[in-house]
>>> print(open('final_27.csv').read())   # CSV, C-alpha atoms
chain,number,residue,atom,x,y,z
T,262,MET,CA,0.0,0.0,0.0
T,263,ASN,CA,1.4,3.4,-1.0
T,264,THR,CA,2.0,6.1,1.6
T,265,VAL,CA,0.9,9.7,1.2
T,266,HIS,CA,4.5,10.5,0.5
T,267,ASP,CA,4.7,7.9,-2.3
T,268,ASN,CA,1.4,9.2,-3.8
T,269,LEU,CA,2.6,12.8,-3.7
T,270,MET,CA,5.9,12.0,-5.4
T,271,ALA,CA,4.1,10.1,-8.1
T,272,ILE,CA,1.6,12.9,-8.7
T,273,LYS,CA,4.4,15.5,-8.9
T,274,LYS,CA,6.4,13.2,-11.3
T,275,ASP,CA,3.2,13.0,-13.5
T,276,ILE,CA,2.8,16.7,-13.5
T,277,GLU,CA,6.4,17.2,-14.5
T,278,LYS,CA,6.1,14.7,-17.3
T,279,ILE,CA,2.9,16.1,-18.7
T,280,ALA,CA,4.2,19.7,-18.5
T,281,SER,CA,7.5,18.8,-20.2
T,282,ASN,CA,5.8,16.9,-23.0
T,283,CYS,CA,3.7,20.0,-23.9
T,284,GLY,CA,6.6,22.5,-23.5
T,285,ARG,CA,5.5,24.0,-20.2
T,286,ASP,CA,7.6,24.7,-17.1
T,287,PRO,CA,6.3,22.3,-14.4
T,288,LYS,CA,6.9,25.1,-11.8
T,289,THR,CA,4.0,27.0,-13.4
T,290,ILE,CA,1.6,24.3,-12.2
T,291,GLU,CA,0.7,24.3,-8.5
T,292,LEU,CA,-0.6,21.1,-6.8
T,293,ILE,CA,-3.4,21.6,-4.3
T,294,ALA,CA,-3.8,18.6,-2.1
T,295,VAL,CA,-7.6,18.3,-1.5
T,296,SER,CA,-7.7,17.3,2.2
T,297,LYS,CA,-11.5,17.4,2.8
T,298,THR,CA,-12.7,14.7,5.2
T,299,LYS,CA,-9.1,13.6,5.8
T,300,PRO,CA,-7.6,13.6,9.3
T,301,VAL,CA,-4.7,15.8,10.4
T,302,THR,CA,-2.5,12.7,10.6
T,303,LEU,CA,-2.6,12.3,6.8
T,304,ILE,CA,-2.2,16.0,6.2
T,305,THR,CA,0.8,16.0,8.5
T,306,GLU,CA,2.3,13.2,6.3
T,307,ALA,CA,1.8,15.3,3.3
T,308,ILE,CA,3.4,18.3,4.9
T,309,ASP,CA,6.4,16.1,5.9
T,310,ALA,CA,6.6,15.2,2.2
T,311,GLY,CA,6.9,18.9,1.2
T,312,GLN,CA,3.3,19.7,0.4
T,313,LEU,CA,2.2,23.1,1.6
T,314,ALA,CA,-1.0,23.9,-0.3
T,315,PHE,CA,-4.3,22.3,0.8
T,316,GLY,CA,-7.9,22.5,-0.3
T,317,GLU,CA,-11.0,22.2,1.9
T,318,ASN,CA,-14.6,22.0,0.9
T,319,TYR,CA,-16.3,22.3,4.3
T,320,VAL,CA,-15.9,25.6,6.2
T,321,GLN,CA,-16.0,24.4,9.8
T,322,GLU,CA,-13.8,21.4,9.1
T,323,GLY,CA,-11.3,23.6,7.2
T,324,VAL,CA,-11.1,26.2,10.0
T,325,GLU,CA,-10.5,23.5,12.6
T,326,LYS,CA,-7.6,22.1,10.6
T,327,ILE,CA,-6.1,25.6,10.0
T,328,ASN,CA,-6.3,26.4,13.7
T,329,TYR,CA,-4.7,23.0,14.5
T,330,PHE,CA,-1.7,23.5,12.2
T,331,GLN,CA,-1.2,27.1,13.3
T,332,LYS,CA,-0.5,25.7,16.8
T,333,ALA,CA,1.1,22.4,15.9
T,334,MET,CA,3.3,23.5,13.0
T,335,PRO,CA,3.5,27.3,13.3
T,336,ASN,CA,6.7,27.6,11.3
T,337,TYR,CA,5.3,26.0,8.1
T,338,PRO,CA,4.0,28.4,5.5
T,339,LEU,CA,0.9,26.5,4.8
T,340,ILE,CA,-1.6,27.9,2.2
T,341,TRP,CA,-5.3,27.1,2.6
T,342,HIS,CA,-7.7,27.1,-0.4
T,343,PHE,CA,-11.5,27.0,0.1
T,344,ILE,CA,-12.8,25.1,-2.9
T,345,GLY,CA,-16.4,24.3,-1.9
T,346,PRO,CA,-19.7,26.0,-2.2
T,347,LEU,CA,-20.1,28.9,0.3
T,348,GLN,CA,-23.2,30.0,2.1
T,349,SER,CA,-23.5,33.7,3.0
T,350,ASN,CA,-23.7,32.9,6.7
T,351,LYS,CA,-20.3,31.2,6.7
T,352,SER,CA,-18.4,33.8,4.6
T,353,LYS,CA,-16.8,35.4,7.7
T,354,LEU,CA,-15.0,32.2,8.6
T,355,VAL,CA,-13.5,31.9,5.1
T,356,ALA,CA,-12.5,35.6,5.2
T,357,GLU,CA,-10.8,35.2,8.5
T,358,HIS,CA,-8.9,32.0,7.9
T,359,PHE,CA,-8.3,31.1,4.3
T,360,ASP,CA,-5.7,32.4,1.8
T,361,TRP,CA,-7.7,31.5,-1.4
T,362,MET,CA,-11.3,31.3,-2.3
T,363,HIS,CA,-12.0,29.3,-5.5
T,364,THR,CA,-15.8,29.4,-5.9
T,365,ILE,CA,-17.1,32.9,-6.1
T,366,ASP,CA,-20.2,33.0,-8.4
T,367,ARG,CA,-22.1,36.0,-6.8
T,368,PHE,CA,-21.1,39.5,-6.1
T,369,LYS,CA,-22.9,39.3,-2.8
T,370,ILE,CA,-20.4,36.6,-1.6
T,371,ALA,CA,-17.4,38.6,-2.9
T,372,GLN,CA,-18.6,41.7,-1.1
T,373,ARG,CA,-19.1,39.9,2.2
T,374,LEU,CA,-15.6,38.3,2.0
T,375,SER,CA,-14.1,41.7,1.3
T,376,ASP,CA,-16.0,43.4,4.2
T,377,GLN,CA,-15.1,40.6,6.6
T,378,ARG,CA,-11.4,40.2,5.7
T,379,PRO,CA,-9.3,41.2,8.8
T,380,ALA,CA,-7.2,44.4,8.3
T,381,ASN,CA,-4.1,42.6,9.4
T,382,MET,CA,-4.3,39.9,6.7
T,383,ALA,CA,-3.2,40.1,3.1
T,384,LYS,CA,-5.9,40.4,0.5
T,385,LEU,CA,-7.9,37.2,-0.1
T,386,ASN,CA,-7.0,35.7,-3.4
T,387,VAL,CA,-10.2,34.8,-5.2
T,388,LEU,CA,-11.3,32.9,-8.3
T,389,ILE,CA,-14.6,33.1,-10.2
T,390,GLN,CA,-16.2,29.7,-10.6
T,391,VAL,CA,-17.4,29.1,-14.2
T,392,ASN,CA,-20.1,26.6,-15.0
T,393,ILE,CA,-18.2,25.7,-18.2
T,394,SER,CA,-20.3,22.6,-18.9
T,395,GLN,CA,-23.6,24.5,-18.5
T,396,GLU,CA,-24.9,22.0,-16.0
T,397,ALA,CA,-28.2,22.9,-14.4
T,398,THR,CA,-27.3,21.5,-11.0
T,399,LYS,CA,-23.8,22.9,-10.8
T,400,SER,CA,-22.7,26.2,-9.2
T,401,GLY,CA,-20.8,28.8,-11.2
T,402,VAL,CA,-21.5,31.7,-13.6
T,403,LYS,CA,-22.1,31.3,-17.2
T,404,PRO,CA,-19.1,32.0,-19.4
T,405,GLU,CA,-20.6,35.2,-20.7
T,406,GLU,CA,-21.2,36.4,-17.1
T,407,VAL,CA,-17.6,36.2,-16.1
T,408,PHE,CA,-16.6,39.7,-17.3
T,409,ASP,CA,-19.3,41.7,-15.4
T,410,LEU,CA,-18.6,39.8,-12.2
T,411,ALA,CA,-14.9,40.3,-12.6
T,412,HIS,CA,-15.2,44.0,-13.0
T,413,GLN,CA,-17.3,44.2,-9.8
T,414,ILE,CA,-14.8,42.1,-7.8
T,415,ILE,CA,-11.8,44.3,-8.7
T,416,THR,CA,-13.5,47.2,-7.0
T,417,LEU,CA,-13.4,45.5,-3.7
T,418,PRO,CA,-10.5,46.6,-1.5
T,419,ASN,CA,-9.7,43.4,0.4
T,420,LEU,CA,-9.9,40.9,-2.5
T,421,CYS,CA,-7.4,40.1,-5.3
T,422,LEU,CA,-9.0,38.6,-8.3
T,423,ARG,CA,-6.5,35.9,-9.6
T,424,GLY,CA,-8.5,34.1,-12.3
T,425,LEU,CA,-11.0,31.4,-12.9
T,426,MET,CA,-12.0,28.0,-11.6
T,427,ALA,CA,-14.1,25.1,-13.0
T,428,ILE,CA,-15.4,21.7,-12.2
T,429,PRO,CA,-16.5,20.4,-15.6
T,430,GLU,CA,-19.0,17.6,-16.1
T,431,VAL,CA,-17.4,14.2,-15.5
T,432,GLU,CA,-16.1,12.9,-18.8
T,433,ASP,CA,-13.9,9.9,-19.5
T,434,ASP,CA,-13.0,10.9,-23.1
T,435,PHE,CA,-9.7,12.7,-23.2
T,436,ASP,CA,-10.5,14.8,-26.3
T,437,LYS,CA,-13.8,16.0,-24.7
T,438,GLN,CA,-11.9,16.8,-21.5
T,439,PHE,CA,-9.3,18.8,-23.4
T,440,THR,CA,-12.0,20.7,-25.4
T,441,ILE,CA,-13.9,21.9,-22.3
T,442,PHE,CA,-10.7,22.9,-20.5
T,443,SER,CA,-9.5,24.8,-23.6
T,444,LYS,CA,-12.7,26.9,-23.4
T,445,MET,CA,-11.6,28.0,-19.9
T,446,THR,CA,-8.1,28.9,-21.1
T,447,ALA,CA,-9.7,31.0,-23.9
T,448,LEU,CA,-12.0,32.7,-21.3
T,449,LEU,CA,-9.0,33.6,-19.1
T,450,GLN,CA,-7.2,35.1,-22.1
T,451,GLN,CA,-10.2,37.2,-22.9
T,452,LEU,CA,-10.3,38.4,-19.3
T,453,LYS,CA,-6.6,39.3,-19.3
T,454,ILE,CA,-7.3,41.9,-22.0
T,455,ASP,CA,-9.3,44.0,-19.5
T,456,ILE,CA,-7.5,42.7,-16.3
T,457,PRO,CA,-3.9,41.9,-17.3
T,458,TYR,CA,-2.8,40.6,-13.9
T,459,VAL,CA,-5.2,37.6,-13.7
T,460,ASP,CA,-2.9,34.5,-13.9
T,461,THR,CA,-4.7,31.5,-12.5
T,462,LEU,CA,-6.7,28.6,-13.9
T,463,SER,CA,-7.8,26.2,-11.2
T,464,MET,CA,-8.9,23.1,-13.1
T,465,GLY,CA,-8.1,19.5,-13.2
T,466,MET,CA,-8.6,16.7,-10.7
T,467,SER,CA,-7.5,13.1,-10.3
T,468,GLY,CA,-9.5,11.9,-13.4
T,469,ASP,CA,-8.7,14.7,-15.8
T,470,MET,CA,-5.4,16.3,-14.7
T,471,LYS,CA,-3.6,15.5,-17.9
T,472,ALA,CA,-6.1,17.2,-20.2
T,473,ALA,CA,-6.3,20.2,-17.8
T,474,ILE,CA,-2.5,20.7,-17.8
T,475,LEU,CA,-2.3,20.4,-21.6
T,476,ALA,CA,-5.0,23.0,-21.9
T,477,GLY,CA,-3.3,25.5,-19.6
T,478,SER,CA,-4.2,24.8,-16.0
T,479,THR,CA,-2.0,26.5,-13.4
T,480,MET,CA,-3.6,24.8,-10.4
T,481,VAL,CA,-4.7,21.1,-10.2
T,482,ARG,CA,-6.8,19.9,-7.2
T,483,ILE,CA,-5.9,16.4,-6.3
T,484,GLY,CA,-7.4,14.5,-3.5
T,485,THR,CA,-8.1,10.8,-4.1
T,486,ALA,CA,-4.8,10.1,-5.8
T,487,ILE,CA,-2.9,11.5,-2.7
T,488,PHE,CA,-5.0,10.5,0.3
T,489,GLY,CA,-7.1,7.6,-1.0
T,490,GLU,CA,-10.9,7.4,-1.3
T,491,ARG,CA,-12.8,9.9,0.7
T,492,LYS,CA,-15.1,9.3,3.7
T,493,TYR,CA,-17.8,11.9,3.3
T,494,LEU,CA,-19.2,13.6,6.3
>>> encode(input="final_27.csv", output="structure tokens")
Amino acid sequence: MNTVHDNLMAIKKDIEKIASNCGRDPKTIELIAVSKTKPVTLITEAIDAGQLAFGENYVQEGVEKINYFQKAMPNYPLIWHFIGPLQSNKSKLVAEHFDWMHTIDRFKIAQRLSDQRPANMAKLNVLIQVNISQEATKSGVKPEEVFDLAHQIITLPNLCLRGLMAIPEVEDDFDKQFTIFSKMTALLQQLKIDIPYVDTLSMGMSGDMKAAILAGSTMVRIGTAIFGERKYL
């Protein structure tokens, strides 16, 4: 049975190989270890293996882990990404604890996060979630709505708009995966015309990482391939 360390090394090796094969610098692709529902013991193993960026889907669980590691490993520069849907009544916890927020799809949430971000913290890095597959049951703005929301977000003093995020419809066919991710890349390039400093595409998970990187992803969110199957709360 592979350890978390073994899994991380294998994923990083895969990222390097995929990036090199398409002429990209592997250092331009950040690995986010999705640690939702996973105990601090496994996260500690990942930290010991050199992983510093973690993604959480559930607010309270994420905050508890952040607080734990601030006390247990205060000298480690861990970066915490909130990657799940966010209700308005929990925005304060995200604003006060996380470094990144991946799933903004309403100006109301962005405004609350900016208002609630503590003055002694750096600006919260945020991504607009795009419903790139146009699924009726999935969160995210329509592609054509990205630009208006982006221009609203950049007026907020305590947020830094970094780019876009997507969770496409599950698809096993590589060509179809690549096609949908390429739409996200084109969307970011359009956004850069108006907002040149946006630089992040958060897309790609355990089942479609290769297509995402080939299409231009700068952040892949990997959970199962690192920590094993999840036990949902």
>>> closest_residue(input="final_27.csv", among="T:Lys326, T:Arg367, T:Ile293, T:Ser443", to="His342 in chain T", atoms="all atoms listed in the file")
T:Ile293
>>> residues_around(input="final_27.csv", residues="Glu396 in chain T", least_positions_apart="5", cutoff="10 Å", atoms="all atoms listed in the file", output="short mmCIF file (atom, residue, chain, number, x, y, z; two decimals) with C-alpha atoms, keeping the file's coordinate frame")
data_model
loop_
_atom_site.label_atom_id
_atom_site.label_comp_id
_atom_site.auth_asym_id
_atom_site.auth_seq_id
_atom_site.Cartn_x
_atom_site.Cartn_y
_atom_site.Cartn_z
CA GLY T 401 -20.80 28.80 -11.20
CA LYS T 403 -22.10 31.30 -17.20
CA PRO T 429 -16.50 20.40 -15.60
CA GLU T 430 -19.00 17.60 -16.10
#
>>> closest_residue(input="final_27.csv", among="T:Gln451, T:Ser281, T:Thr364, T:Gln321", to="Leu475 in chain T", atoms="all atoms listed in the file")
T:Ser281
>>> atom_distance(input="final_27.csv", atom1="CA of Phe488 in chain T", atom2="CA of Leu425 in chain T")
25.4 Å
>>> residues_around(input="final_27.csv", residues="range 456-468 of chain T", least_positions_apart="4", cutoff="8 Å", atoms="all atoms listed in the file", output="PyMOL selection string")
chain T and resi 363+388+422-428+433+442+445-446+449+452+472-474+477-486
>>> atom_distance(input="final_27.csv", atom1="CA of Ile344 in chain T", atom2="CA of Met362 in chain T")
6.4 Å
>>> closest_residue(input="final_27.csv", among="T:Thr264, T:Ser394, T:Asn350, T:Asn386", to="Ile415 in chain T", atoms="only C-alpha atoms")
T:Asn386
>>> closest_residue(input="final_27.csv", among="T:Ala333, T:Ile327, T:Val431, T:Leu417", to="Lys399 in chain T", atoms="all atoms listed in the file")
T:Val431
>>> atom_distance(input="final_27.csv", atom1="CA of Leu448 in chain T", atom2="CA of Glu406 in chain T")
10.8 Å
>>> closest_residue(input="final_27.csv", among="T:Glu357, T:Asp469, T:Glu405, T:Glu306", to="Phe435 in chain T", atoms="all atoms listed in the file")
T:Asp469
>>> closest_residue(input="final_27.csv", among="T:Arg373, T:Lys299, T:Arg285, T:Lys278", to="Val265 in chain T", atoms="all atoms listed in the file")
T:Lys299
>>> residues_near_point(input="final_27.csv", point="(-0.4, 25.0, 2.2)", cutoff="6 Å", atoms="all atoms listed in the file", output="JSON, numbers by chain")
{"T": [313, 314, 315, 339, 340, 341]}
>>> residues_around(input="final_27.csv", residues="Ile370 in chain T", least_positions_apart="6", cutoff="9 Å", atoms="all atoms listed in the file", output="PyMOL selection string")
chain T and resi 347-349+352
>>> residues_around(input="final_27.csv", residues="Lys384 in chain T", least_positions_apart="6", cutoff="12 Å", atoms="only C-alpha atoms", output="PyMOL selection string")
chain T and resi 356-362+374-378+415+417-423
>>> residues_around(input="final_27.csv", residues="Pro404 in chain T", least_positions_apart="5", cutoff="8 Å", atoms="all atoms listed in the file", output="list in words")
Val391, Asn392, Ile393 and Leu448 of chain T
>>> residues_near_point(input="final_27.csv", point="(5.7, 12.3, -16.5)", cutoff="12 Å", atoms="only C-alpha atoms", output="mmCIF file with C-alpha atoms, keeping the file's coordinate frame")
data_model
loop_
_atom_site.group_PDB
_atom_site.id
_atom_site.type_symbol
_atom_site.label_atom_id
_atom_site.label_comp_id
_atom_site.auth_asym_id
_atom_site.auth_seq_id
_atom_site.Cartn_x
_atom_site.Cartn_y
_atom_site.Cartn_z
ATOM 1 C CA MET T 270 5.900 12.000 -5.400
ATOM 2 C CA ALA T 271 4.100 10.100 -8.100
ATOM 3 C CA ILE T 272 1.600 12.900 -8.700
ATOM 4 C CA LYS T 273 4.400 15.500 -8.900
ATOM 5 C CA LYS T 274 6.400 13.200 -11.300
ATOM 6 C CA ASP T 275 3.200 13.000 -13.500
ATOM 7 C CA ILE T 276 2.800 16.700 -13.500
ATOM 8 C CA GLU T 277 6.400 17.200 -14.500
ATOM 9 C CA LYS T 278 6.100 14.700 -17.300
ATOM 10 C CA ILE T 279 2.900 16.100 -18.700
ATOM 11 C CA ALA T 280 4.200 19.700 -18.500
ATOM 12 C CA SER T 281 7.500 18.800 -20.200
ATOM 13 C CA ASN T 282 5.800 16.900 -23.000
ATOM 14 C CA CYS T 283 3.700 20.000 -23.900
ATOM 15 C CA PRO T 287 6.300 22.300 -14.400
ATOM 16 C CA MET T 470 -5.400 16.300 -14.700
ATOM 17 C CA LYS T 471 -3.600 15.500 -17.900
ATOM 18 C CA ILE T 474 -2.500 20.700 -17.800
#
>>> decode(input="final_27.csv", residues="range 319-433 of chain T", atoms="C-alpha atoms", output="PDB file, in the first residue's frame")
ATOM      1  CA  TYR T 319     -16.332  22.339   4.274  1.00  0.00           C
ATOM      2  CA  VAL T 320     -15.924  25.604   6.165  1.00  0.00           C
ATOM      3  CA  GLN T 321     -15.962  24.422   9.765  1.00  0.00           C
ATOM      4  CA  GLU T 322     -13.764  21.395   9.093  1.00  0.00           C
ATOM      5  CA  GLY T 323     -11.288  23.562   7.228  1.00  0.00           C
ATOM      6  CA  VAL T 324     -11.135  26.179   9.980  1.00  0.00           C
ATOM      7  CA  GLU T 325     -10.498  23.493  12.603  1.00  0.00           C
ATOM      8  CA  LYS T 326      -7.578  22.139  10.566  1.00  0.00           C
ATOM      9  CA  ILE T 327      -6.138  25.605   9.967  1.00  0.00           C
ATOM     10  CA  ASN T 328      -6.274  26.357  13.693  1.00  0.00           C
ATOM     11  CA  TYR T 329      -4.731  22.985  14.515  1.00  0.00           C
ATOM     12  CA  PHE T 330      -1.739  23.455  12.222  1.00  0.00           C
ATOM     13  CA  GLN T 331      -1.185  27.062  13.269  1.00  0.00           C
ATOM     14  CA  LYS T 332      -0.536  25.692  16.767  1.00  0.00           C
ATOM     15  CA  ALA T 333       1.074  22.355  15.896  1.00  0.00           C
ATOM     16  CA  MET T 334       3.318  23.519  13.017  1.00  0.00           C
ATOM     17  CA  PRO T 335       3.532  27.324  13.305  1.00  0.00           C
ATOM     18  CA  ASN T 336       6.730  27.647  11.264  1.00  0.00           C
ATOM     19  CA  TYR T 337       5.331  25.980   8.148  1.00  0.00           C
ATOM     20  CA  PRO T 338       4.010  28.430   5.501  1.00  0.00           C
ATOM     21  CA  LEU T 339       0.850  26.468   4.752  1.00  0.00           C
ATOM     22  CA  ILE T 340      -1.578  27.883   2.195  1.00  0.00           C
ATOM     23  CA  TRP T 341      -5.261  27.063   2.591  1.00  0.00           C
ATOM     24  CA  HIS T 342      -7.678  27.091  -0.352  1.00  0.00           C
ATOM     25  CA  PHE T 343     -11.452  27.021   0.093  1.00  0.00           C
ATOM     26  CA  ILE T 344     -12.788  25.081  -2.879  1.00  0.00           C
ATOM     27  CA  GLY T 345     -16.374  24.253  -1.910  1.00  0.00           C
ATOM     28  CA  PRO T 346     -19.717  26.047  -2.206  1.00  0.00           C
ATOM     29  CA  LEU T 347     -20.096  28.859   0.317  1.00  0.00           C
ATOM     30  CA  GLN T 348     -23.233  30.013   2.093  1.00  0.00           C
ATOM     31  CA  SER T 349     -23.465  33.681   3.045  1.00  0.00           C
ATOM     32  CA  ASN T 350     -23.683  32.911   6.749  1.00  0.00           C
ATOM     33  CA  LYS T 351     -20.267  31.219   6.675  1.00  0.00           C
ATOM     34  CA  SER T 352     -18.385  33.788   4.629  1.00  0.00           C
ATOM     35  CA  LYS T 353     -16.826  35.387   7.719  1.00  0.00           C
ATOM     36  CA  LEU T 354     -15.010  32.171   8.608  1.00  0.00           C
ATOM     37  CA  VAL T 355     -13.531  31.913   5.129  1.00  0.00           C
ATOM     38  CA  ALA T 356     -12.543  35.595   5.158  1.00  0.00           C
ATOM     39  CA  GLU T 357     -10.798  35.223   8.510  1.00  0.00           C
ATOM     40  CA  HIS T 358      -8.917  31.972   7.904  1.00  0.00           C
ATOM     41  CA  PHE T 359      -8.284  31.071   4.265  1.00  0.00           C
ATOM     42  CA  ASP T 360      -5.706  32.372   1.776  1.00  0.00           C
ATOM     43  CA  TRP T 361      -7.651  31.521  -1.383  1.00  0.00           C
ATOM     44  CA  MET T 362     -11.333  31.264  -2.295  1.00  0.00           C
ATOM     45  CA  HIS T 363     -12.007  29.343  -5.534  1.00  0.00           C
ATOM     46  CA  THR T 364     -15.778  29.365  -5.872  1.00  0.00           C
ATOM     47  CA  ILE T 365     -17.103  32.909  -6.150  1.00  0.00           C
ATOM     48  CA  ASP T 366     -20.168  33.023  -8.375  1.00  0.00           C
ATOM     49  CA  ARG T 367     -22.085  35.953  -6.847  1.00  0.00           C
ATOM     50  CA  PHE T 368     -21.064  39.517  -6.115  1.00  0.00           C
ATOM     51  CA  LYS T 369     -22.869  39.300  -2.764  1.00  0.00           C
ATOM     52  CA  ILE T 370     -20.419  36.642  -1.562  1.00  0.00           C
ATOM     53  CA  ALA T 371     -17.427  38.597  -2.862  1.00  0.00           C
ATOM     54  CA  GLN T 372     -18.593  41.737  -1.110  1.00  0.00           C
ATOM     55  CA  ARG T 373     -19.097  39.924   2.189  1.00  0.00           C
ATOM     56  CA  LEU T 374     -15.638  38.343   1.958  1.00  0.00           C
ATOM     57  CA  SER T 375     -14.050  41.734   1.331  1.00  0.00           C
ATOM     58  CA  ASP T 376     -15.970  43.403   4.154  1.00  0.00           C
ATOM     59  CA  GLN T 377     -15.090  40.586   6.569  1.00  0.00           C
ATOM     60  CA  ARG T 378     -11.395  40.196   5.689  1.00  0.00           C
ATOM     61  CA  PRO T 379      -9.340  41.242   8.753  1.00  0.00           C
ATOM     62  CA  ALA T 380      -7.230  44.371   8.261  1.00  0.00           C
ATOM     63  CA  ASN T 381      -4.070  42.598   9.416  1.00  0.00           C
ATOM     64  CA  MET T 382      -4.316  39.917   6.716  1.00  0.00           C
ATOM     65  CA  ALA T 383      -3.217  40.074   3.101  1.00  0.00           C
ATOM     66  CA  LYS T 384      -5.909  40.422   0.470  1.00  0.00           C
ATOM     67  CA  LEU T 385      -7.892  37.226  -0.073  1.00  0.00           C
ATOM     68  CA  ASN T 386      -7.007  35.655  -3.420  1.00  0.00           C
ATOM     69  CA  VAL T 387     -10.224  34.801  -5.246  1.00  0.00           C
ATOM     70  CA  LEU T 388     -11.293  32.910  -8.349  1.00  0.00           C
ATOM     71  CA  ILE T 389     -14.568  33.097 -10.241  1.00  0.00           C
ATOM     72  CA  GLN T 390     -16.184  29.689 -10.607  1.00  0.00           C
ATOM     73  CA  VAL T 391     -17.395  29.094 -14.155  1.00  0.00           C
ATOM     74  CA  ASN T 392     -20.091  26.561 -14.999  1.00  0.00           C
ATOM     75  CA  ILE T 393     -18.229  25.728 -18.175  1.00  0.00           C
ATOM     76  CA  SER T 394     -20.280  22.594 -18.915  1.00  0.00           C
ATOM     77  CA  GLN T 395     -23.551  24.500 -18.468  1.00  0.00           C
ATOM     78  CA  GLU T 396     -24.915  21.952 -15.990  1.00  0.00           C
ATOM     79  CA  ALA T 397     -28.250  22.887 -14.435  1.00  0.00           C
ATOM     80  CA  THR T 398     -27.325  21.481 -11.022  1.00  0.00           C
ATOM     81  CA  LYS T 399     -23.798  22.917 -10.765  1.00  0.00           C
ATOM     82  CA  SER T 400     -22.651  26.190  -9.235  1.00  0.00           C
ATOM     83  CA  GLY T 401     -20.789  28.816 -11.200  1.00  0.00           C
ATOM     84  CA  VAL T 402     -21.503  31.669 -13.552  1.00  0.00           C
ATOM     85  CA  LYS T 403     -22.141  31.273 -17.249  1.00  0.00           C
ATOM     86  CA  PRO T 404     -19.055  32.009 -19.367  1.00  0.00           C
ATOM     87  CA  GLU T 405     -20.592  35.225 -20.692  1.00  0.00           C
ATOM     88  CA  GLU T 406     -21.226  36.427 -17.107  1.00  0.00           C
ATOM     89  CA  VAL T 407     -17.560  36.242 -16.089  1.00  0.00           C
ATOM     90  CA  PHE T 408     -16.622  39.710 -17.271  1.00  0.00           C
ATOM     91  CA  ASP T 409     -19.286  41.707 -15.416  1.00  0.00           C
ATOM     92  CA  LEU T 410     -18.609  39.837 -12.181  1.00  0.00           C
ATOM     93  CA  ALA T 411     -14.856  40.274 -12.584  1.00  0.00           C
ATOM     94  CA  HIS T 412     -15.184  44.035 -12.984  1.00  0.00           C
ATOM     95  CA  GLN T 413     -17.321  44.171  -9.846  1.00  0.00           C
ATOM     96  CA  ILE T 414     -14.837  42.106  -7.840  1.00  0.00           C
ATOM     97  CA  ILE T 415     -11.826  44.258  -8.705  1.00  0.00           C
ATOM     98  CA  THR T 416     -13.520  47.240  -7.012  1.00  0.00           C
ATOM     99  CA  LEU T 417     -13.414  45.454  -3.652  1.00  0.00           C
ATOM    100  CA  PRO T 418     -10.469  46.580  -1.492  1.00  0.00           C
ATOM    101  CA  ASN T 419      -9.703  43.355   0.366  1.00  0.00           C
ATOM    102  CA  LEU T 420      -9.874  40.862  -2.500  1.00  0.00           C
ATOM    103  CA  CYS T 421      -7.400  40.103  -5.263  1.00  0.00           C
ATOM    104  CA  LEU T 422      -8.979  38.562  -8.343  1.00  0.00           C
ATOM    105  CA  ARG T 423      -6.522  35.944  -9.584  1.00  0.00           C
ATOM    106  CA  GLY T 424      -8.469  34.114 -12.293  1.00  0.00           C
ATOM    107  CA  LEU T 425     -10.990  31.367 -12.945  1.00  0.00           C
ATOM    108  CA  MET T 426     -11.958  27.951 -11.605  1.00  0.00           C
ATOM    109  CA  ALA T 427     -14.073  25.138 -13.046  1.00  0.00           C
ATOM    110  CA  ILE T 428     -15.361  21.686 -12.209  1.00  0.00           C
ATOM    111  CA  PRO T 429     -16.508  20.364 -15.590  1.00  0.00           C
ATOM    112  CA  GLU T 430     -19.024  17.593 -16.054  1.00  0.00           C
ATOM    113  CA  VAL T 431     -17.401  14.209 -15.480  1.00  0.00           C
ATOM    114  CA  GLU T 432     -16.111  12.947 -18.802  1.00  0.00           C
ATOM    115  CA  ASP T 433     -13.882   9.945 -19.525  1.00  0.00           C
TER     116      ASP T 433
END
